[in-house]
file protein19.cif (mmCIF, C-alpha atoms)
data_input
#
loop_
_atom_site.label_atom_id
_atom_site.label_comp_id
_atom_site.auth_asym_id
_atom_site.auth_seq_id
_atom_site.Cartn_x
_atom_site.Cartn_y
_atom_site.Cartn_z
CA MET A 1 13.57 35.77 -3.90
CA ARG A 2 10.85 33.24 -3.17
CA THR A 3 9.92 30.50 -5.62
CA ILE A 4 6.30 29.75 -6.53
CA THR A 5 5.67 26.43 -8.23
CA VAL A 6 2.99 26.57 -10.90
CA ILE A 7 1.08 23.51 -12.13
CA PRO A 8 -1.15 24.53 -15.08
CA GLY A 9 -2.65 21.03 -15.32
CA ASP A 10 -5.42 20.01 -17.68
CA GLY A 11 -8.28 21.44 -19.74
CA ILE A 12 -8.80 25.12 -19.02
CA GLY A 13 -6.13 25.04 -16.31
CA PRO A 14 -3.30 26.38 -18.53
CA GLU A 15 -5.71 28.92 -20.07
CA VAL A 16 -6.63 30.54 -16.74
CA ILE A 17 -3.19 30.21 -15.18
CA GLY A 18 -1.72 32.45 -17.90
CA PRO A 19 -3.68 35.57 -16.87
CA ALA A 20 -3.12 34.78 -13.19
CA LEU A 21 0.64 34.70 -13.77
CA ASP A 22 0.41 37.97 -15.72
CA VAL A 23 -1.20 39.57 -12.66
CA LEU A 24 1.43 38.18 -10.31
CA VAL A 25 4.24 39.49 -12.52
CA ALA A 26 2.55 42.90 -12.76
CA LEU A 27 2.59 43.22 -8.97
CA GLY A 28 6.39 43.47 -9.09
CA LEU A 29 6.97 41.24 -6.09
CA ASP A 30 10.23 39.39 -5.51
CA LEU A 31 8.92 36.08 -6.83
CA ARG A 32 10.32 33.42 -9.14
CA PHE A 33 8.01 31.01 -10.96
CA ASP A 34 8.87 27.35 -11.44
CA VAL A 35 6.31 26.04 -13.96
CA ILE A 36 5.84 22.26 -13.91
CA GLU A 37 4.29 21.65 -17.31
CA GLU A 38 4.57 17.86 -17.23
CA VAL A 39 1.99 17.25 -14.48
CA ASN A 40 -1.02 16.46 -16.68
CA ALA A 41 -3.25 13.69 -17.94
CA HIS A 42 -1.17 13.22 -21.09
CA ARG A 43 1.79 11.99 -19.06
CA TYR A 44 -0.44 9.85 -16.87
CA LEU A 45 -1.92 8.18 -19.94
CA ARG A 46 1.56 7.66 -21.37
CA ASP A 47 3.39 6.21 -18.38
CA GLY A 48 1.04 6.16 -15.37
CA THR A 49 2.80 9.02 -13.55
CA ALA A 50 0.55 11.56 -11.84
CA LEU A 51 2.91 13.56 -9.62
CA SER A 52 6.43 12.17 -9.59
CA ASP A 53 8.79 12.28 -6.64
CA ALA A 54 10.81 14.94 -8.48
CA ASP A 55 7.66 17.03 -9.06
CA PHE A 56 6.70 16.71 -5.42
CA ALA A 57 10.19 17.75 -4.31
CA ARG A 58 9.94 20.91 -6.44
CA VAL A 59 6.61 21.76 -4.85
CA ARG A 60 7.82 21.06 -1.32
CA SER A 61 10.91 23.23 -1.76
CA SER A 62 8.90 26.26 -2.89
CA ALA A 63 7.10 28.94 -0.89
CA ALA A 64 3.66 28.11 -2.33
CA THR A 65 1.99 26.51 -5.35
CA LEU A 66 -0.48 27.91 -7.88
CA LEU A 67 -2.54 25.14 -9.51
CA GLY A 68 -4.82 25.40 -12.55
CA ALA A 69 -7.03 22.31 -12.77
CA VAL A 70 -6.68 18.53 -12.78
CA GLY A 71 -8.88 16.10 -14.70
CA ASP A 72 -9.46 14.60 -18.12
CA PRO A 73 -12.52 12.86 -19.60
CA ARG A 74 -10.29 10.10 -20.98
CA LEU A 75 -9.63 8.97 -17.41
CA ARG A 76 -12.64 7.32 -15.83
CA ASP A 77 -10.90 6.17 -12.66
CA THR A 78 -9.83 8.54 -9.89
CA GLY A 79 -6.20 7.43 -9.80
CA TYR A 80 -4.81 10.42 -11.68
CA ALA A 81 -6.65 13.15 -9.78
CA ARG A 82 -5.91 11.47 -6.44
CA GLY A 83 -2.31 11.02 -7.51
CA VAL A 84 -1.96 14.78 -7.87
CA LEU A 85 -4.44 16.41 -5.49
CA TRP A 86 -4.46 13.88 -2.68
CA ARG A 87 -0.70 13.48 -2.75
CA LEU A 88 -0.28 17.22 -2.35
CA ARG A 89 -2.88 17.43 0.42
CA SER A 90 -1.75 14.39 2.37
CA GLY A 91 1.98 14.65 1.66
CA LEU A 92 2.11 18.31 2.71
CA ASP A 93 -0.64 17.91 5.35
CA LEU A 94 -2.74 20.68 3.80
CA TYR A 95 -5.58 20.06 6.20
CA ALA A 96 -7.32 23.44 5.95
CA ASN A 97 -9.25 24.17 2.78
CA TYR A 98 -10.17 27.87 2.73
CA ARG A 99 -12.92 28.87 0.30
CA PRO A 100 -14.03 32.51 0.47
CA ALA A 101 -17.20 33.70 -1.26
CA ARG A 102 -17.80 37.38 -1.89
CA LEU A 103 -20.41 38.95 -4.15
CA TRP A 104 -18.47 41.09 -6.63
CA HIS A 105 -21.51 42.82 -8.10
CA GLU A 106 -25.22 42.70 -7.22
CA ARG A 107 -26.23 41.76 -10.77
CA LEU A 108 -24.43 38.42 -10.30
CA SER A 109 -26.55 37.28 -7.37
CA PRO A 110 -29.41 34.82 -7.95
CA LEU A 111 -31.21 36.18 -4.86
CA ARG A 112 -34.09 38.56 -5.48
CA ASP A 113 -33.98 40.36 -2.14
CA ALA A 114 -31.27 43.04 -2.36
CA ALA A 115 -30.81 43.08 1.42
CA ARG A 116 -29.84 39.41 1.36
CA ARG A 117 -27.45 39.45 -1.60
CA PRO A 118 -24.05 40.63 -0.36
CA ILE A 119 -22.54 37.28 0.65
CA ASP A 120 -19.08 37.61 2.20
CA CYS A 121 -18.24 34.41 4.01
CA VAL A 122 -15.71 31.58 4.10
CA VAL A 123 -16.22 27.84 4.03
CA VAL A 124 -13.45 26.15 6.00
CA ARG A 125 -13.35 22.54 4.89
CA GLU A 126 -11.38 19.74 6.54
CA ASN A 127 -9.14 18.60 3.71
CA THR A 128 -7.36 15.37 4.67
CA GLU A 129 -9.97 13.16 6.32
CA GLY A 130 -13.63 12.28 5.78
CA LEU A 131 -15.04 10.20 2.94
CA TYR A 132 -12.39 11.49 0.53
CA SER A 133 -9.49 9.99 2.50
CA GLY A 134 -9.83 6.62 0.75
CA ILE A 135 -9.21 4.78 4.00
CA GLY A 136 -11.17 1.55 4.39
CA GLY A 137 -14.29 0.59 2.48
CA GLY A 138 -14.60 -1.73 -0.47
CA THR A 139 -16.94 -3.29 -2.98
CA ALA A 140 -18.46 -6.75 -3.31
CA THR A 141 -19.28 -7.05 -7.01
CA GLY A 142 -20.72 -9.50 -9.45
CA THR A 143 -24.14 -10.12 -7.95
CA ALA A 144 -27.51 -8.40 -7.77
CA ALA A 145 -26.77 -7.79 -4.09
CA GLU A 146 -23.70 -5.69 -4.82
CA VAL A 147 -22.47 -3.71 -1.81
CA ALA A 148 -20.16 -0.67 -1.79
CA LEU A 149 -18.67 0.78 1.39
CA ASP A 150 -16.72 4.01 1.98
CA THR A 151 -15.26 4.98 5.32
CA ASP A 152 -15.88 8.47 6.72
CA LEU A 153 -12.72 9.07 8.74
CA SER A 154 -12.68 11.64 11.56
CA THR A 155 -9.96 11.96 14.20
CA HIS A 156 -9.88 14.13 17.30
CA ARG A 157 -6.66 15.77 16.08
CA GLY A 158 -8.03 16.45 12.61
CA VAL A 159 -11.37 17.81 13.75
CA SER A 160 -9.90 19.93 16.54
CA ARG A 161 -7.31 21.61 14.37
CA ILE A 162 -9.72 22.50 11.55
CA ILE A 163 -12.16 24.02 14.04
CA ASP A 164 -9.36 26.02 15.67
CA PHE A 165 -8.29 27.26 12.22
CA ALA A 166 -11.85 28.40 11.56
CA PHE A 167 -11.81 30.47 14.73
CA SER A 168 -8.46 31.96 13.72
CA VAL A 169 -9.88 33.42 10.48
CA ALA A 170 -13.29 34.48 11.84
CA ARG A 171 -14.32 38.14 11.85
CA ARG A 172 -17.84 37.84 13.29
CA GLY A 173 -18.51 34.23 14.16
CA VAL A 174 -18.12 30.54 13.37
CA CYS A 175 -20.91 28.12 12.44
CA LEU A 176 -20.28 24.39 12.78
CA VAL A 177 -22.05 22.34 10.12
CA ASP A 178 -22.45 18.59 10.56
CA LYS A 179 -25.12 15.89 10.41
CA ALA A 180 -24.77 14.48 13.90
CA SER A 181 -28.49 13.69 13.95
CA ALA A 182 -28.02 11.01 11.28
CA ILE A 183 -24.32 10.09 11.49
CA PRO A 184 -23.85 9.53 15.22
CA HIS A 185 -20.26 8.32 15.64
CA GLY A 186 -18.47 10.98 13.64
CA GLY A 187 -21.11 13.48 14.70
CA ARG A 188 -20.40 12.95 18.39
CA LEU A 189 -16.69 13.47 17.79
CA TRP A 190 -17.29 16.71 15.87
CA GLN A 191 -19.67 17.90 18.59
CA ARG A 192 -17.20 17.17 21.38
CA CYS A 193 -14.32 18.88 19.56
CA TRP A 194 -16.65 21.82 18.88
CA ARG A 195 -17.54 22.24 22.56
CA GLU A 196 -13.85 22.11 23.47
CA ALA A 197 -12.99 24.74 20.83
CA VAL A 198 -15.83 27.04 21.87
CA ALA A 199 -14.44 26.98 25.41
CA ARG A 200 -11.04 27.98 24.02
CA HIS A 201 -12.55 30.90 22.07
CA PRO A 202 -15.14 32.42 24.41
CA ARG A 203 -15.24 35.83 22.70
CA CYS A 204 -16.33 34.59 19.28
CA ALA A 205 -19.98 34.20 18.33
CA THR A 206 -20.84 30.59 17.55
CA SER A 207 -23.71 28.59 16.07
CA HIS A 208 -24.46 25.08 14.86
CA LEU A 209 -26.55 23.82 11.94
CA TYR A 210 -27.13 20.48 10.31
CA ALA A 211 -25.88 20.33 6.73
CA ASP A 212 -29.30 20.39 5.07
CA THR A 213 -30.43 23.33 7.20
CA ALA A 214 -27.20 25.19 6.44
CA ALA A 215 -27.85 24.80 2.71
CA LEU A 216 -31.38 26.12 3.21
CA ARG A 217 -30.18 29.12 5.23
CA LEU A 218 -27.50 29.93 2.66
CA ALA A 219 -30.11 29.99 -0.08
CA GLU A 220 -32.44 32.14 2.03
CA ASP A 221 -29.94 34.66 3.38
CA PRO A 222 -26.18 34.08 3.02
CA THR A 223 -25.38 37.34 4.85
CA VAL A 224 -25.91 35.65 8.22
CA PHE A 225 -22.74 33.59 7.78
CA ASP A 226 -19.14 34.57 8.43
CA VAL A 227 -17.15 31.31 8.71
CA ILE A 228 -18.64 27.87 8.15
CA VAL A 229 -16.50 24.98 9.38
CA THR A 230 -17.34 21.45 8.33
CA ASN A 231 -16.00 18.16 7.07
CA ASN A 232 -14.59 17.30 3.65
CA THR A 233 -17.84 16.27 1.98
CA TYR A 234 -20.17 18.97 3.31
CA GLY A 235 -17.48 21.59 2.70
CA ASP A 236 -17.20 20.53 -0.92
CA ILE A 237 -20.96 20.79 -1.40
CA LEU A 238 -21.61 23.99 0.54
CA SER A 239 -18.71 25.85 -1.09
CA SER A 240 -20.24 25.15 -4.50
CA LEU A 241 -23.45 26.73 -3.22
CA THR A 242 -21.63 29.78 -1.85
CA ALA A 243 -19.78 30.10 -5.18
CA ALA A 244 -23.11 30.20 -7.02
CA LEU A 245 -24.46 32.81 -4.60
CA ALA A 246 -21.35 34.93 -5.21
CA GLY A 247 -21.67 34.92 -8.99
CA GLY A 248 -20.59 31.50 -10.21
CA ILE A 249 -17.88 28.87 -10.00
CA GLY A 250 -15.66 30.83 -12.38
CA LEU A 251 -15.16 33.49 -9.72
CA ALA A 252 -14.36 31.13 -6.85
CA PRO A 253 -10.84 30.90 -5.40
CA SER A 254 -9.54 28.45 -2.84
CA ALA A 255 -6.48 27.61 -0.78
CA SER A 256 -5.35 24.34 0.77
CA LEU A 257 -3.18 25.28 3.74
CA ASN A 258 -1.02 23.95 6.50
CA PRO A 259 -1.12 26.79 9.04
CA GLY A 260 1.76 25.22 10.97
CA THR A 261 4.30 25.05 8.14
CA GLY A 262 2.86 28.03 6.28
CA PHE A 263 2.68 26.16 2.98
CA GLY A 264 -0.32 26.40 0.67
CA VAL A 265 -1.65 25.29 -2.70
CA PHE A 266 -3.87 27.91 -4.31
CA GLU A 267 -6.31 27.03 -7.08
CA PRO A 268 -9.64 28.10 -8.56
CA MET A 269 -12.52 25.93 -7.42
CA HIS A 270 -13.62 25.02 -10.93
CA GLY A 271 -12.38 21.86 -12.59
CA SER A 272 -10.70 21.33 -15.93
CA ALA A 273 -13.98 21.98 -17.81
CA PRO A 274 -13.14 19.91 -20.91
CA ASP A 275 -16.35 21.05 -22.61
CA ILE A 276 -14.98 24.57 -23.02
CA ALA A 277 -11.25 23.87 -23.08
CA GLY A 278 -9.64 25.48 -26.10
CA THR A 279 -12.56 27.80 -26.82
CA GLY A 280 -10.93 30.79 -25.14
CA THR A 281 -14.02 31.49 -23.04
CA ALA A 282 -12.92 30.18 -19.63
CA ASN A 283 -13.25 32.68 -16.79
CA PRO A 284 -9.78 33.56 -15.42
CA LEU A 285 -11.06 35.45 -12.36
CA GLY A 286 -11.11 32.42 -10.06
CA ALA A 287 -7.45 31.81 -10.84
CA ILE A 288 -6.60 35.51 -10.46
CA LEU A 289 -8.38 35.66 -7.10
CA SER A 290 -6.53 32.49 -6.05
CA ALA A 291 -3.30 34.30 -6.92
CA ALA A 292 -4.49 37.15 -4.69
CA LEU A 293 -4.95 34.67 -1.85
CA LEU A 294 -1.43 33.41 -2.51
CA VAL A 295 0.25 36.80 -2.28
CA GLU A 296 -1.81 37.67 0.78
CA HIS A 297 -0.65 34.42 2.38
CA LEU A 298 2.95 35.47 1.66
CA GLY A 299 2.39 38.71 3.54
CA HIS A 300 1.51 41.08 0.70
CA GLY A 301 -1.92 42.16 1.88
CA GLU A 302 -1.89 45.52 0.11
CA GLU A 303 -1.13 43.93 -3.25
CA ALA A 304 -3.81 41.28 -2.72
CA GLY A 305 -6.32 44.03 -1.99
CA ALA A 306 -5.30 45.82 -5.19
CA VAL A 307 -5.94 42.67 -7.23
CA ARG A 308 -9.40 42.24 -5.68
CA ARG A 309 -10.28 45.88 -6.35
CA ALA A 310 -9.14 45.45 -9.97
CA VAL A 311 -11.35 42.36 -10.31
CA ALA A 312 -14.31 44.22 -8.80
CA ALA A 313 -13.81 47.13 -11.21
CA ALA A 314 -13.60 44.85 -14.24
CA VAL A 315 -16.74 42.99 -13.18
CA ALA A 316 -18.62 46.24 -12.53
CA ALA A 317 -17.68 47.45 -16.02
CA GLY A 318 -18.90 44.20 -17.57
CA ARG A 319 -15.45 43.42 -18.95
CA THR A 320 -15.71 39.71 -18.27
CA THR A 321 -16.24 36.34 -19.90
CA PRO A 322 -19.72 35.19 -21.03
CA ASP A 323 -20.43 33.04 -17.96
CA ILE A 324 -20.96 36.21 -15.89
CA GLY A 325 -22.53 38.36 -18.57
CA GLY A 326 -19.57 39.72 -20.51
CA ALA A 327 -18.37 39.13 -24.03
CA LEU A 328 -14.60 38.87 -23.58
CA GLY A 329 -12.34 35.88 -24.04
CA THR A 330 -10.10 34.48 -21.33
CA ARG A 331 -7.05 36.53 -22.25
CA GLU A 332 -9.07 39.72 -22.77
CA ALA A 333 -10.77 39.35 -19.38
CA GLY A 334 -7.38 38.92 -17.78
CA ALA A 335 -6.13 42.01 -19.62
CA ALA A 336 -9.10 43.97 -18.25
CA VAL A 337 -7.99 43.15 -14.71
CA LEU A 338 -4.42 44.10 -15.59
CA ALA A 339 -5.64 47.44 -16.96
CA GLU A 340 -7.54 48.17 -13.75
CA LEU A 341 -4.51 47.12 -11.73
CA GLY A 342 -2.32 49.50 -13.69
CA ALA A 343 -4.74 52.36 -13.04
CA ARG A 344 -4.59 52.00 -9.26
#
call {"tool": "encode", "arguments": {"input": "protein19.cif", "output": "structure tokens"}}
result
Amino acid sequence: MRTITVIPGDGIGPEVIGPALDVLVALGLDLRFDVIEEVNAHRYLRDGTALSDADFARVRSSAATLLGAVGDPRLRDTGYARGVLWRLRSGLDLYANYRPARLWHERLSPLRDAARRPIDCVVVRENTEGLYSGIGGGTATGTAAEVALDTDLSTHRGVSRIIDFAFSVARRGVCLVDKASAIPHGGRLWQRCWREAVARHPRCATSHLYADTAALRLAEDPTVFDVIVTNNTYGDILSSLTAALAGGIGLAPSASLNPGTGFGVFEPMHGSAPDIAGTGTANPLGAILSAALLVEHLGHGEEAGAVRRAVAAAVAAGRTTPDIGGALGTREAGAAVLAELGAR
């Protein structure tokens, strides 16, 4: 029996994790769930602990982790979120952030041209370097000439391995997205690693776009993309765009992976959404689809496919939360997926 650690987190996190766990249990897999309730903003406000050493040990000893959401409006600094998310990513070297976007029903697409609607792509985002690494930088405060600096970290090892991962998950092709025209030092490194990777994968179709052009092309016709590989910042931005093109952030799953160790943290892309927390209207489908990614990662591809078909059927029937046109609450939307899953 394999253990899955579960961190419900903050805001709507516990609300959407409940239906996701119901789906995992319904699959009847040989899984045990270790729920870490105490990783939340309440504890951080009480004693300054984000993710304790004991919490981290429980995560590290498991087969995978399902995470709800992290964040609280009472916390204006980034110490808490970094203490949870960045510790997991850096401590477990979860360098590959995998964010698939698939249009579940044509009525959810904001694109008018039906031929250009069916997005089905993946944003592969470098997850441990870039501007989010917190390495270097600083602020000179107290004067009208205040200066703030952040360091955009790129290493040959980090860039090479995320590009190679992108090729490993590609079906049709890989598009490198950077801004080498304006950010020359990091851009040259990404370009060199890209050329080296293309030589290692001669049978895969490849392309290159600058970040602004990639955003434009996604808005014009997302069907031209299969896998987009890019750095931490651009990946964060472009995956929000692909989520919108696929129906909304409430439908968007993600996985932070270490392909070498096989470990992964699976979480919906949305945040803790404090504005709707407690209203019972949060969309659980992003969490359920993240659970599907988790079981697929553990080798249960058939069961993952069944979950996705159940989600597609529930969406097609309009049995969803209000953010995507339905009238159901969080629990009821999760129950709709369970009902479709039971009818398979």
call {"tool": "closest_residue", "arguments": {"input": "protein19.cif", "among": "A:Ser239, A:Arg188, A:Thr151, A:Gly68", "to": "A:Leu85", "atoms": "all atoms listed in the file"}}
result
A:Gly68
call {"tool": "resolve_selection", "arguments": {"input": "protein19.cif", "expression": "the PyMOL selection byres ((chain A and resi 217-223) around 9)", "output": "PyMOL selection string"}}
result
chain A and resi 111+113+115-121+212-216+224-226+238+241-242+245
call {"tool": "closest_residue", "arguments": {"input": "protein19.cif", "among": "A:Ala273, A:Leu338, A:Ala182, A:Val229", "to": "A:Pro14", "atoms": "all atoms listed in the file"}}
result
A:Ala273
call {"tool": "resolve_selection", "arguments": {"input": "protein19.cif", "expression": "the PyMOL selection byres ((chain A and resi 93-98) around 7)", "output": "ChimeraX atom specification"}}
result
/A:89-92,99-100,122-128,162,254-258,264
call {"tool": "atom_distance", "arguments": {"input": "protein19.cif", "atom1": "atom CA of A:Leu289", "atom2": "atom CA of A:Ile7"}}
result
16.2 Å
call {"tool": "residues_around", "arguments": {"input": "protein19.cif", "residues": "A:Val311", "least_positions_apart": "2", "cutoff": "10 Å", "atoms": "all atoms listed in the file", "output": "list in words"}}
result
Trp104, Leu251, Leu285, Gly286, Ile288, Leu289, Gly305, Ala306, Val307, Arg308, Arg309, Ala313, Ala314, Val315, Ala316, Ala317, Arg319, Thr320, Ala333, Gly334, Ala336, Val337, Leu338, Glu340 and Leu341 of chain A
call {"tool": "resolve_selection", "arguments": {"input": "protein19.cif", "expression": "the PyMOL selection byres ((chain A and resi 135) around 12)", "output": "compact mmCIF listing (two decimals) with C-alpha atoms, in the coordinates of the input"}}
result
# COMPACT_ATOMS: atom_id res chain seq x y z
CA THR A 128 -7.36 15.37 4.67
CA GLU A 129 -9.97 13.16 6.32
CA GLY A 130 -13.63 12.28 5.78
CA LEU A 131 -15.04 10.20 2.94
CA TYR A 132 -12.39 11.49 0.53
CA SER A 133 -9.49 9.99 2.50
CA GLY A 134 -9.83 6.62 0.75
CA GLY A 136 -11.17 1.55 4.39
CA GLY A 137 -14.29 0.59 2.48
CA GLY A 138 -14.60 -1.73 -0.47
CA LEU A 149 -18.67 0.78 1.39
CA ASP A 150 -16.72 4.01 1.98
CA THR A 151 -15.26 4.98 5.32
CA ASP A 152 -15.88 8.47 6.72
CA LEU A 153 -12.72 9.07 8.74
CA SER A 154 -12.68 11.64 11.56
call {"tool": "residues_around", "arguments": {"input": "protein19.cif", "residues": "A:Arg43", "least_positions_apart": "6", "cutoff": "12 Å", "atoms": "all atoms listed in the file", "output": "list in words"}}
result
Gly9, Asp10, Glu37, Thr49, Ala50, Leu51, Ser52, Asp72, Leu75 and Tyr80 of chain A
call {"tool": "atom_distance", "arguments": {"input": "protein19.cif", "atom1": "atom CA of A:Pro110", "atom2": "atom CA of A:Ala243"}}
result
11.1 Å
call {"tool": "closest_residue", "arguments": {"input": "protein19.cif", "among": "A:Gly329, A:Gly301, A:Pro284, A:Pro322", "to": "A:Pro19", "atoms": "all atoms listed in the file"}}
result
A:Pro284
call {"tool": "closest_residue", "arguments": {"input": "protein19.cif", "among": "A:Val39, A:Val25, A:Ala166, A:Val265", "to": "A:Leu294", "atoms": "all atoms listed in the file"}}
result
A:Val265
call {"tool": "atom_distance", "arguments": {"input": "protein19.cif", "atom1": "atom CA of A:Tyr44", "atom2": "atom CA of A:Pro73"}}
result
12.7 Å
call {"tool": "closest_residue", "arguments": {"input": "protein19.cif", "among": "A:Ala310, A:Ala304, A:Val159, A:Ala335", "to": "A:Val16", "atoms": "only C-alpha atoms"}}
result
A:Ala335
call {"tool": "residues_around", "arguments": {"input": "protein19.cif", "residues": "A:Leu108", "least_positions_apart": "4", "cutoff": "9 Å", "atoms": "all atoms listed in the file", "output": "PyMOL selection string"}}
result
chain A and resi 103-104+244-248+324-325
call {"tool": "write_last_selection", "arguments": {"input": "protein19.cif", "atoms": "C-alpha atoms", "output": "tab-separated table (two decimals), in the frame of the given file"}}
result
chain	number	residue	atom	x	y	z
A	103	LEU	CA	-20.41	38.95	-4.15
A	104	TRP	CA	-18.47	41.09	-6.63
A	244	ALA	CA	-23.11	30.20	-7.02
A	245	LEU	CA	-24.46	32.81	-4.60
A	246	ALA	CA	-21.35	34.93	-5.21
A	247	GLY	CA	-21.67	34.92	-8.99
A	248	GLY	CA	-20.59	31.50	-10.21
A	324	ILE	CA	-20.96	36.21	-15.89
A	325	GLY	CA	-22.53	38.36	-18.57
call {"tool": "axis_aligned_box", "arguments": {"input": "protein19.cif", "around": "stretch 156-169 of chain A", "padding_each_side": "5 Å", "output": "JSON"}}
result
{"center_x": -9.4, "center_y": 23.8, "center_z": 13.9, "size_x": 15.5, "size_y": 29.3, "size_z": 16.8}
call {"tool": "closest_residue", "arguments": {"input": "protein19.cif", "among": "A:Tyr210, A:Trp190, A:Phe266, A:Phe167", "to": "A:Ala252", "atoms": "all atoms listed in the file"}}
result
A:Phe266
call {"tool": "decode", "arguments": {"input": "protein19.cif", "residues": "stretch 120-141 of chain A", "atoms": "N, CA and C atoms", "output": "tab-separated table (two decimals), in the first residue's frame"}}
result
chain	number	residue	atom	x	y	z
A	120	ASP	N	-5.21	21.76	-26.42
A	120	ASP	CA	-4.78	20.53	-25.74
A	120	ASP	C	-3.26	20.56	-25.71
A	121	CYS	N	-2.72	21.32	-24.80
A	121	CYS	CA	-1.28	21.50	-24.74
A	121	CYS	C	-0.80	21.45	-23.30
A	122	VAL	N	0.51	21.54	-23.12
A	122	VAL	CA	1.12	21.50	-21.80
A	122	VAL	C	2.15	22.62	-21.72
A	123	VAL	N	2.10	23.36	-20.62
A	123	VAL	CA	3.18	24.30	-20.32
A	123	VAL	C	4.12	23.61	-19.33
A	124	VAL	N	5.36	23.44	-19.74
A	124	VAL	CA	6.39	22.88	-18.88
A	124	VAL	C	7.23	24.04	-18.37
A	125	ARG	N	7.14	24.26	-17.09
A	125	ARG	CA	7.73	25.44	-16.44
A	125	ARG	C	8.89	25.03	-15.54
A	126	GLU	N	10.05	25.64	-15.73
A	126	GLU	CA	11.16	25.40	-14.81
A	126	GLU	C	10.74	25.89	-13.43
A	127	ASN	N	10.95	25.09	-12.40
A	127	ASN	CA	10.25	25.29	-11.13
A	127	ASN	C	11.15	25.65	-9.95
A	128	THR	N	12.47	25.65	-10.14
A	128	THR	CA	13.37	25.85	-9.00
A	128	THR	C	14.38	26.97	-9.21
A	129	GLU	N	14.34	27.63	-10.36
A	129	GLU	CA	15.29	28.70	-10.63
A	129	GLU	C	14.52	29.98	-11.00
A	130	GLY	N	15.13	30.83	-11.81
A	130	GLY	CA	14.47	32.03	-12.27
A	130	GLY	C	14.32	33.10	-11.21
A	131	LEU	N	13.42	34.03	-11.45
A	131	LEU	CA	13.19	35.14	-10.53
A	131	LEU	C	12.60	34.68	-9.20
A	132	TYR	N	11.93	33.51	-9.19
A	132	TYR	CA	11.26	33.06	-7.98
A	132	TYR	C	12.20	32.37	-7.01
A	133	SER	N	13.46	32.17	-7.39
A	133	SER	CA	14.39	31.42	-6.55
A	133	SER	C	14.76	32.18	-5.28
A	134	GLY	N	14.64	33.53	-5.30
A	134	GLY	CA	14.98	34.32	-4.13
A	134	GLY	C	16.48	34.46	-3.90
A	135	ILE	N	17.26	34.09	-4.90
A	135	ILE	CA	18.72	34.19	-4.78
A	135	ILE	C	19.16	35.58	-5.23
A	136	GLY	N	19.93	36.26	-4.38
A	136	GLY	CA	20.44	37.57	-4.75
A	136	GLY	C	19.36	38.63	-4.71
A	137	GLY	N	19.71	39.82	-5.19
A	137	GLY	CA	18.77	40.93	-5.19
A	137	GLY	C	18.76	41.67	-3.87
A	138	GLY	N	17.93	42.67	-3.77
A	138	GLY	CA	17.83	43.45	-2.55
A	138	GLY	C	17.12	44.75	-2.81
A	139	THR	N	16.96	45.54	-1.75
A	139	THR	CA	16.26	46.80	-1.84
A	139	THR	C	17.01	47.87	-1.07
A	140	ALA	N	17.18	49.03	-1.69
A	140	ALA	CA	17.69	50.21	-1.00
A	140	ALA	C	16.51	51.14	-0.76
A	141	THR	N	16.09	51.28	0.49
A	141	THR	CA	14.85	51.98	0.80
A	141	THR	C	15.10	53.30	1.51
